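A.B. asks: Pasting in a structure now, in C-alpha cells, and then I'll have a few things to ask.
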Amino acid sequence: MSGYRDLKNLEDRIALVTGASSGLGEQIAYQLAQKGAIVVACARNLDRLKEVAKSCAEFRGKKAYAVQMDVADPERIEKVVYQIENEVGPIDVLVNDAGFGLMQNALDFDMQVAEKMFRVNVLGTIYLSKFTALQMATRKRGAIINIASMAGKIATPKSSVYSATKAAVLGYSDALRLELKPLGISVMTVNPGPIRTKFFDKADESGNYLEKINGIVLNPELVAEKIVHSIGTAKRELNLPFFFNIANVGYALFPRLGDFLAAGIFNQK
C-alpha cells in the first residue's frame with residue numbers, strides 16, 4: 001500500500017477543509033475528526049470556525065485548528081498552506097468545499113457577483129489545490145476532494161453562472177486527477193444534488209426552493225459520511241443522489257429530452 005491508499009486510515013492525518021464554518025464543510029470536518037484526523041477548519045468566519053474546531057477536538061481528543069481564510073485571496077491561500085505545513089504538519093487531505101451560488105436569470109445577473117463566484121468556486125479551488133499538491137507531491141501521498149455539483153453536469157434555468165463554475169471545477173479536477181495519480185495523489189469530485197444547508201439562504205431569493213423539492217434534498221451528515229469513507233480509494237466521482245447519476249447518463253444519451261426535463265419538471269427554482 002502506498003500513496004493515497006495509505007489514507008484509508010485517517011488516524012493523525014492532517015486534513016484541511018474549506019467552507020468548514022457551516023453546512024457540508026462543517027459536517028465533513030466532523031466526520032474526519034471522528035476518524036481520528038487532525039482537522040484544520042478554514043473559512044472567513046473565525047468565531048464560528050473556533051466552535052467547529054472545538055467540536056472536532058472533542059470527538060477523539062485530537063487537536064483541531066481554526067484558520068481564517070478567504071479563498072478569493074490567492075496570497076492568503078499560499079500563506080495558509082505553508083503555515084499549516086510548517087506549524088501543524090504535512091497536509092494529507094484537502095477538501096475544497098468553499099463556494100456559493102445564486103439562482104437568478106442570466107440576463108439579470110450582476111456580473112460583479114459572477115466574477116466573485118468564479119473567483120471563489122473555481123479559482124479558489126485551483127489555487128488551493130495547486131499549493132497543497134506541491135507539498136503532497138514531495139511525499140508522494142495525498143487526497144484532494146473537490147466539491148462540485150450535479151449542476152455542473154445538468155444545468156437548469158436560473159443556474160447559468162453557478163453551473164458554469166461547477167462545470168469548470170469538474171473539468172479542472174478531471175485533468176488534475178490524471179496528472180497527480182503518478183505522484184500518489186488522488187483527486188475525487190463530489191457532485192451532490194441539493195443539500196439541506198445554509199447555502200440556500202443566499203442562493204434562493206424566493207426562500208421556498210428546498211420546500212418545493214423536499215423529497216430529494218440530501219442530508220449533509222450522510223453526504224459527509226460518504227465523502228470521508230471514499231478517502232484512500234481510487235473513486236473518481238461521487239454522484240448523489242444515485243438517480244441524479246442515472247439522469248446525467250440519460251441527458252448525455254438523449255439531450256433533447258434532457259433539455260425538456262431540465263426546463264420542466266426539474267426546474268423548481
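Order determines the names: the first chain of the C-alpha cells is A, the second B, and so forth; residues in each chain are numbered 1 upward, and ligands are numbered 1 upward as they are shown.
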Please provide as a count of residues only all residues within 10 Å of Lys63 of chain A, with the sequence filter that same-chain residues fewer than 2 positions apart are discarded (counting only C-alpha atoms).
C.D. replies: 17
A.B. asks: Taking the DSSP assignment computed from this structure's backbone, write out as a list in words all residues of segment 85-222 of chain A that belong to strand (DSSP E).
C.D. replies: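 Put together, the selection reads Ile91, Asp92, Val93, Leu94, Val95, Asn96, Gly142, Ala143, Ile144, Ile145, Asn146, Ile147, Ile185, Ser186, Val187, Met188, Thr189, Val190, Asn191 and Pro192 of chain A.
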A.B. asks: For a quick check of understanding, using only C-alpha atoms, which of A:Met111, A:Ala234, A:Leu183, A:Ala224 has the smallest distance to Glu26 of chain A?
C.D. replies: A:Ala224
A.B. asks: For Arg196 of chain A, which of A:Met136, A:Leu24, A:Ile77, A:Ile144 is the closest residue, counting only C-alpha atoms?
C.D. replies: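 Going through A:Met136, A:Leu24, A:Ile77, A:Ile144 one by one, the smallest distance to Arg196 of chain A is for A:Leu24.
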A.B. asks: Looking at A:Asn9, A:Ser2, A:Thr132, A:Thr138, which one is nearest to Lys79 of chain A, with distances taken over only C-alpha atoms?
C.D. replies: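 With only C-alpha atoms as the atom set, the closest residue is A:Thr132.
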A.B. asks: So that I can check the secondary structure, give me every residue of segment 47-215 of chain A assigned alpha helix (DSSP H) by backbone DSSP, as a VMD selection string.
C.D. replies: chain A and resid 47 to 60 74 to 87 111 to 118 124 to 139 160 to 180 199 to 203 209 to 212
A.B. asks: Near Ile227 of chain A, within 8 Å and counting only C-alpha atoms, which residues show up once chain neighbours fewer than 5 positions away are dropped, as number ranges by chain?
C.D. replies: A: 28, 190, 238
A.B. asks: How would the residues just chosen look if you wrote them out with N, CA, C and O atoms as a PDB file, in the first residue's frame?
C.D. replies:
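Once everything was written out, this is selection.pdb:
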```pdb
ATOM      1  N   ILE A  28     -18.223  17.539   7.081  1.00  0.00           N
ATOM      2  CA  ILE A  28     -17.028  16.810   6.641  1.00  0.00           C
ATOM      3  C   ILE A  28     -15.944  16.896   7.707  1.00  0.00           C
ATOM      4  O   ILE A  28     -15.267  15.912   8.017  1.00  0.00           O
ATOM      5  N   VAL A 190     -17.034  15.531  -5.985  1.00  0.00           N
ATOM      6  CA  VAL A 190     -18.313  15.188  -5.369  1.00  0.00           C
ATOM      7  C   VAL A 190     -19.382  16.044  -6.038  1.00  0.00           C
ATOM      8  O   VAL A 190     -19.271  17.274  -6.076  1.00  0.00           O
ATOM      9  N   LEU A 238     -18.205  11.029  -6.915  1.00  0.00           N
ATOM     10  CA  LEU A 238     -19.285  10.616  -6.026  1.00  0.00           C
ATOM     11  C   LEU A 238     -20.497  11.443  -6.412  1.00  0.00           C
ATOM     12  O   LEU A 238     -20.517  12.664  -6.216  1.00  0.00           O
TER      13      LEU A 238
END
```
A.B. asks: Do you know which residues are at most 12 Å from Leu10 of chain A counting only C-alpha atoms, after dropping those on the same chain fewer than 5 positions away, and could you put them as a list in words?
C.D. replies: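 The residues that qualify are Tyr4, Arg5, Ala15, Gln31, Leu32, Ala33, Gln34, Lys35, Gly36, Ala37, Ile38, Val39, Lys62, Ile91, Asp92, Val93, Gly142, Ala143, Val228, His229, Ser230, Ile231 and Gly232 of chain A.
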